[in-house]
Amino acid sequence: MISNKSYVLMLTLLVLAFVPAILLRDFNLVNELNYLGIAQDALDRGAFFTFYQNGVPYADKPPTYLWLCMFGLYFFGPHYAMSFLLLVSVLSLVFLIAILDRAFGSDFRHQERLLLMLGSAAMLFADVCALLGRMDMIFAAVMLLAYLKLIKRYSLIKTQKRNDRLDGHGHSERRGKLAPVKYGNLAIPLCLFAGIFIKGPYALIMPVVGLILVLLYNHDLKRFFVVFRPYYLLIILLLCALWALGVYAEGGSAYLENLFITQSAERLAGHLGHPEPVYYFLQNYPLLTLPIGLSALYFMGWHLYRAVQNRRLSPEQRPMVLSLKQQASLFFFLAVLLVVTIPSSKLEIYLLPGVLPLFYYVVLSYRQFHALHRGIDLSFEQDYLMVPESAYQRAYRTNNRELSAKSVATATASATATAASAASTAVAAAAVSVGNTAKASAAATTSDAAEPSAQALSKTHGSVQFHLADEEESSPQSVLPEASAQTKEEPLAERLQEVAAAEENLPESVVQAEEEETNATEISQHWGLEIEDKGFMLAGLKSRGERVPLPWLLSLSLLLPLLAYVGLLVAYVVLYQRIPQLQDPMVAIAFSVLAFCSLGAIFFLVNRLFLFALAGAGIATLGLVFFAGLAMPFLNNYLGVGSMVKQISEAIDQGANPQVCAFNYRNTYALDVYDRRLELIADPASLDECLEQNFNVMFSRKAIRNAPDEAQRLQELGAESVGDNLLLLSHINQSSLSAPYAGSMPIPANLSKPLPKSALKGH
């Protein structure tokens with residue numbers, strides 16, 4: 001219960017780090033305001049399946065995210081719709097962290113899992129993407145959920161049990177037929193369709209490619225259609241058909257063909273712009289995977305070396321290099337990298353779904369490295385993914401637990417009977433031999449007869465739990481006959497749990513021998529840095545146990561990104577006067593927090609506390625996000641145009657013209673999301689016409705760069721700088737004009753020549 005509250009509290013703290021940015025960030029014209037403009041048009045038309053961008057059909061994206069935009073605009077209005085969309089994106093990131101922890105973090109102690117949650121927040125690229133008003137974070141969460149369900153289904157199939165039933169005496173009877181694995185039969189196709197409904201066919205391709213890579217590694221490709229049932233595609237096609245029916249009803253066959261055929265084909269072929277070379281993602285890999293990208297490369301090389309070394313061994317003696325969890329995390333990243341590399345269209349955000357799984361590949365590989373260094377056997381995890389039990393599995397384990405307890409009681413009674421029989425034999429011999437000598441012999445016989453059974457039981461229990469004894473010594477058949485008959489064909493992890501369940505019924509001598517053996521070898525099912533369980537969250541931390549020396553390459557792979565974070569503070573001091581975006585106190589605090597927390601992470605790394613170093617990097621990144629969010633009122637002038645539109649709206653309230661000449665802005669048509677009174681003129685023919693008509697003028701940074709003379713002219717006329725843009729407000733009657741507009745605008749010389757109506761409302 002305490003640990004569950006700690007997880008919820010940790011996830012809540014992760015959300016709180018993003019709250020300032022959620023509340024204060026402005027729209028970006030390139031994508032975010034564009035989506036809201038498309039959604040506003042759909043609301044005006046009452047449409048749900050067909051969308052238009054400035055009068056042109058927009059079939060680039062499925063409707064899910066545009067529905068969210070419509071929901072935000074309808075219920076929260078334009079000023080809070082952005083906060084709603086960012087909250088959905090951040091919650092998707094936190095949900096993604098939670099499901100990855102559930103799938104890959106079950107082997108860690110619960111406070112170590114808290115460290116890993118903090119460490120996963122260190123993925124700077126994922127944090128930045130969570131603060132973008134796009135569908136990519138939602139898409140990554142849904143697609144990874146579908147993939148993890150596929151892997152969980154595969155793990156259940158590998159550990160598949162046979163159907164058992166109890167006879168009248170409480171014993172199980174073997175029926176011979178494997179129990180069908182029903183997990184995910186409906187959830188998997190629904191999650192896959194949800195991903196398609198968010199961003200398109202990549203939601204199906206990436207999980208399937210990841211599953212194929214896992215099956216190929218395990219030489220188990222024949223099970224593909226056992227894991228991915230063919231009727232999954234039928235369910236997905238049926239749902240897509242219902243979607244297509246709604247599209248056809250609203251937009252006709254032309255829109256339907258554009259959405260399902262033209263757009264999907266062009267997207268898969270990479271003909272939608274953003275052309276980049278085939279090595280684009282490899283070139284940007286270190287930046288997109290900060291701070292664990294280099295560590296992942298180290299462990300990839302380490303696993304490759306181990307695989308080459310293992311080829312010298314026979315197939316029977318060859319250990320598994322990658323556990324199922326490592327396979328699932330690594331191969332999904334490789335699947336995403338492969339799928340997004342093939343098309344010519346490439347954007348950095350396309351790699352987002354594989355970033356957080358790569359983090360768990362690193363920590364699981366460190367766990368494996370740590371266990372090998374300390375001599376802990378993790379072989380029982382190679383074919384088993386820790387997953388919640390089904391109802392059948394719980395009943396099966398309950399039955400086995402009862403049988404194991406009965407077996408232990410039988411074994412103890414058998415040992416007692418053997419000792420009594422030996423004592424009787426000794427007494428009979430005493431009647432023939434000399435009395436005192438015979439009594440001593442009988443006592444020795446009794447002790448020798450009783451001791452082997454207890455020793456055998458202790459050795460059996462210890463070997464099953466820790467997997468260290470030889471198979472002949474650890475066979476529980478002679479001591480636990482009934483339990484052995486049932487668990488012989490079960491995976492080793494299941495036997496571990498069943499035998500441990502009978503521990504409380506073991507004789508005192510067995511328990512004492514087991515404790516002595518455990519203390520002598522210092523072996524635990526948990527590994528690595530042990531954390532005392534005190535208090536909520538990470539309060540009361542006290543590390544104990546062996547600190548494994550880290551290879552210098554592994555230390556360097558994490559040290560370099562942390563040093564780069566520290567170097568950002570130095571760069572900030574040097575560039576402060578040159579870059580206007582840096583000239584805000586909150587920006588200085590953000591870089592300072594990033595640098596000093598990174599120094600703390602370096603301290604942990606030097607002390608060989610790898611998990612603490614990752615957690616320190618996470619705190620540094622979250623601190624950067626929090627204080628950069630507080631700087632948004634200053635940074636918005638460089639990110640969006642909301643501040644300029646707000647000033648124009650206030651001027652319109654006081655009688656100014658609603659017409660706006662916007663020079664070199666993308667998606668200008670969507671500016672009326674801020675204020676429906678605006679009449680936008682996108683890239684007018686000349687600045688003179690706008691000035692003659694006394695229109696508002698918005699001059700972008702690109703326009704300033706391309707036409708410096710006209711920018712100088714606007715400044716002479718009284719235009720003010722808003723970020724790196726120029727804004728010249730329409731003239732208002734001086735008697736009704738209040739500060740800050742009073743006296744800032746000269747009266748244009750000519751107001752007689754109107755602009756053509758075709759120039760209004762964009763192109």
# chains A, B, ... in the order shown; residues from 1 in each chain; ligands from 1
call {"tool": "residues_around", "arguments": {"residues": "Ala194 (chain A)", "least_positions_apart": "4", "cutoff": "10 Å", "atoms": "only C-alpha atoms", "output": "PyMOL selection string"}}
result
chain A and resi 64+139+142-143+146+188-190+198-200+203-204+236+239
call {"tool": "residues_around", "arguments": {"residues": "Tyr565 (chain A)", "least_positions_apart": "4", "cutoff": "8 Å", "atoms": "only C-alpha atoms", "output": "ChimeraX atom specification"}}
result
/A:561,569,594-595,598
call {"tool": "residues_around", "arguments": {"residues": "region 130-138 of chain A", "least_positions_apart": "5", "cutoff": "10 Å", "atoms": "only C-alpha atoms", "output": "PyMOL selection string"}}
result
chain A and resi 18+21-22+25+27-28+31-33+35-36+61+64-66+68-69+82-96+124-125+143+195+198-199+349-353+625+629
call {"tool": "select_by_dssp", "arguments": {"residues": "region 252-376 of chain A", "states": "helix (DSSP H, G or I)", "output": "ChimeraX atom specification"}}
result
/A:252-269,280-283,285-288,293-310,324-341,348-374
call {"tool": "residues_around", "arguments": {"residues": "region 721-724 of chain A", "least_positions_apart": "4", "cutoff": "6 Å", "atoms": "only C-alpha atoms", "output": "JSON, numbers by chain"}}
result
{"A": [637, 638, 701]}
call {"tool": "write_last_selection", "arguments": {"atoms": "all heavy atoms", "output": "CSV table (one decimal), in the first residue's frame"}}
result
chain,number,residue,atom,x,y,z
A,637,ASN,N,6.8,35.6,-26.8
A,637,ASN,CA,6.9,36.5,-27.8
A,637,ASN,C,7.8,36.0,-29.0
A,637,ASN,O,7.8,36.6,-30.1
A,637,ASN,CB,7.5,37.8,-27.3
A,637,ASN,CG,6.6,38.5,-26.3
A,637,ASN,OD1,5.4,38.5,-26.5
A,637,ASN,ND2,7.1,39.2,-25.3
A,638,TYR,N,8.6,35.0,-28.7
A,638,TYR,CA,9.5,34.4,-29.7
A,638,TYR,C,8.9,33.1,-30.2
A,638,TYR,O,9.3,32.6,-31.3
A,638,TYR,CB,10.9,34.1,-29.1
A,638,TYR,CG,11.6,35.4,-28.6
A,638,TYR,CD1,11.4,35.8,-27.3
A,638,TYR,CD2,12.3,36.2,-29.4
A,638,TYR,CE1,12.1,36.9,-26.8
A,638,TYR,CE2,12.9,37.3,-29.0
A,638,TYR,CZ,12.8,37.7,-27.7
A,638,TYR,OH,13.4,38.8,-27.2
A,701,ARG,N,9.9,37.7,-38.3
A,701,ARG,CA,11.4,37.7,-38.3
A,701,ARG,C,11.9,37.4,-39.7
A,701,ARG,O,12.9,38.0,-40.1
A,701,ARG,CB,11.9,36.7,-37.3
A,701,ARG,CG,11.6,35.3,-37.6
A,701,ARG,CD,12.3,34.3,-36.6
A,701,ARG,NE,11.6,34.4,-35.3
A,701,ARG,CZ,10.6,33.7,-34.9
A,701,ARG,NH1,10.1,32.8,-35.7
A,701,ARG,NH2,10.1,33.8,-33.7
call {"tool": "atom_distance", "arguments": {"atom1": "CA of Thr668 (chain A)", "atom2": "CA of Ala682 (chain A)"}}
result
6.2 Å
